[in-house]
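Shown next, in structure tokens, is the structure this report addresses.
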Amino acid sequence: MPKDSCAEELAVECVRGRLELRRAAQVLHDDVGSLLAVAGLRLQLLRMDFPEITTRAAEVSEALDGVMEHLRVLSRRLEPSPVRRTGLKNALLDLAESRMVSGDAGHGVSIVLRYTATATLPPEIADAMYHAIASAVAAAGKDVRRITIAVSGSRAMAARVSHDGKYQGRAVAAAALLARHAGLTFEVATEKSTIVSIRYAI
């Protein structure tokens with residue numbers, strides 16, 4: 001199989017895999033989580049109606065709380081990005097903060113987020129936008145000192161990741177392929193600085 005065809009197939013499977021993980025996380029959080037919450041509420045009512053079973057009911061309630069906590073952890077692990085939990089803007093703020101406090105901070109990296117977008121994206125597109133931006137940030141070379149992330153748009157959404165250094169070609173190529181299969185455009189311009197433009201048009 002030609003390399004291009006193999007890469008395209010991997011990109012399709014990666015995008016499909018993210019969607020399946022998101023669906024699984026949603027089922028666990030919304031459906032299973034809701035059922036367990038109802039079970040907990042009914043158990044509390046049962047304890048009020050039958051005080052003599054308080055000790056046993058407390059044991060069951062404690063076990064139920066443990067199951068709920070494991071469910072929350074599993075749901076977070078299955079969710080491929082924090083966008084669903086906190087929204088795109090907050091997810092990008094966390095991304096910028098985590099990158100600056102990681103080992104990269106020793107290189108004096110400064111990350112600025114300018115978020116003026118008011119567009120509401122479908123969950124899968126918002127997730128793809130986050131991954132594309134995160135990939136563009138991760139692909140910045142070690143010589144980078146400042147990264148600016150600008151996100152704008154009221155109907156469509158456009159993101160621009162710019163920095164003053166080189167980028168890792170393979171990482172950017174992979175990110176562009178994934179973004180395209182998720183419905184985004186992903187373009188790189190390198191002149192005096194590196195600018196990655198990511199767009200979604202409704």
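In the structure tokens, the first chain shown is A, the next is B, and so on; residue numbers restart at 1 for each chain, and ligands run from 1 in the order shown.
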
For region 29-138 of chain A against region 151-167 of chain A, with a cut-off of 9 Å and counting only C-alpha atoms, what is the closest atom pair and its distance in Å to one decimal for every residue that makes the cut, ordered by chain and number, as JSON lines?
{"residue": "A:Lys89", "atom": "CA", "partner": "A:Val151", "partner_atom": "CA", "distance": 8.8}
{"residue": "A:Leu113", "atom": "CA", "partner": "A:Val151", "partner_atom": "CA", "distance": 8.0}
{"residue": "A:Arg114", "atom": "CA", "partner": "A:Val151", "partner_atom": "CA", "distance": 6.3}
{"residue": "A:Tyr115", "atom": "CA", "partner": "A:Val151", "partner_atom": "CA", "distance": 4.8}
{"residue": "A:Thr116", "atom": "CA", "partner": "A:Ser152", "partner_atom": "CA", "distance": 5.0}
{"residue": "A:Ala117", "atom": "CA", "partner": "A:Ser152", "partner_atom": "CA", "distance": 3.9}
{"residue": "A:Thr118", "atom": "CA", "partner": "A:Ser154", "partner_atom": "CA", "distance": 4.8}
{"residue": "A:Ala119", "atom": "CA", "partner": "A:Ser154", "partner_atom": "CA", "distance": 4.4}
{"residue": "A:Thr120", "atom": "CA", "partner": "A:Arg155", "partner_atom": "CA", "distance": 7.7}
{"residue": "A:Leu121", "atom": "CA", "partner": "A:Met157", "partner_atom": "CA", "distance": 8.2}
{"residue": "A:Met129", "atom": "CA", "partner": "A:Ala159", "partner_atom": "CA", "distance": 8.2}
{"residue": "A:Ile133", "atom": "CA", "partner": "A:Val161", "partner_atom": "CA", "distance": 7.0}
{"residue": "A:Ala136", "atom": "CA", "partner": "A:Val161", "partner_atom": "CA", "distance": 6.7}
{"residue": "A:Val137", "atom": "CA", "partner": "A:Val161", "partner_atom": "CA", "distance": 7.1}
{"residue": "A:Ala138", "atom": "CA", "partner": "A:Tyr167", "partner_atom": "CA", "distance": 8.9}

Write out as CSV a residue-level contact list of region 40-145 of chain A versus region 24-28 of chain A with cut-off 8 Å: for each qualifying residue the closest pair of atoms and the distance in Å to one decimal, counting only C-alpha atoms, rows sorted by chain and residue number upward.
residue,atom,partner,partner_atom,distance
A:Leu71,CA,A:Leu28,CA,7.0
A:Leu74,CA,A:Ala25,CA,7.8
A:Ser75,CA,A:Ala25,CA,4.7
A:Arg76,CA,A:Ala25,CA,7.2
A:Leu78,CA,A:Ala25,CA,5.5
A:Glu79,CA,A:Ala25,CA,5.7

Can you tell me, as a ChimeraX atom specification, what residues are no more than 10 Å from region 172-189 of chain A when counting only C-alpha atoms, ignoring any on the same chain fewer than 2 positions away?
-> /A:7-16,124-125,127-140,157-162,167-170,191-202

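Among the candidates A:Ile147, A:Val83, A:Leu21, A:Val109, the residue lying nearest to Pro123 (chain A) is A:Val83 (atoms considered: only C-alpha atoms).
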
Write out as a short mmCIF file (atom, residue, chain, number, x, y, z; two decimals) with C-alpha atoms, in the first residue's frame which residues come within 9 Å of Ser61 (chain A) when counting only C-alpha atoms, dropping same-chain ones fewer than 3 positions away.
data_model
loop_
_atom_site.label_atom_id
_atom_site.label_comp_id
_atom_site.auth_asym_id
_atom_site.auth_seq_id
_atom_site.Cartn_x
_atom_site.Cartn_y
_atom_site.Cartn_z
CA GLY A 40 -28.50 6.61 45.18
CA LEU A 43 -31.50 4.37 48.58
CA GLN A 44 -31.63 7.57 50.64
CA ARG A 56 -26.72 -1.94 55.66
CA ALA A 57 -27.99 0.90 53.50
CA ALA A 58 -24.95 2.98 54.45
CA LEU A 64 -22.35 3.09 45.18
CA ASP A 65 -20.25 6.21 45.77
CA GLY A 66 -17.14 4.18 44.90
#

Can you list, as number ranges by chain, all residues belonging to region 32-175 of chain A that DSSP tags as strand (DSSP E or B)?
-> A: 110-115, 140, 146-152, 157-163, 167

Please report, as number ranges by chain, each residue of chain A to which DSSP assigns helix (DSSP H, G or I) when run on this structure's backbone.
-> A: 3-49, 51-78, 83-86, 88-101, 103-107, 123-138, 169-181

Can you tell me how far CA of Gly17 (chain A) sits from CA of Pro82 (chain A), in Å to one decimal?
-> 16.2 Å

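If you measure from each of A:Ala171, A:Phe50, A:Leu36, A:Arg84 to Ala63 (chain A) using only C-alpha atoms, the closest one turns out to be A:Leu36.
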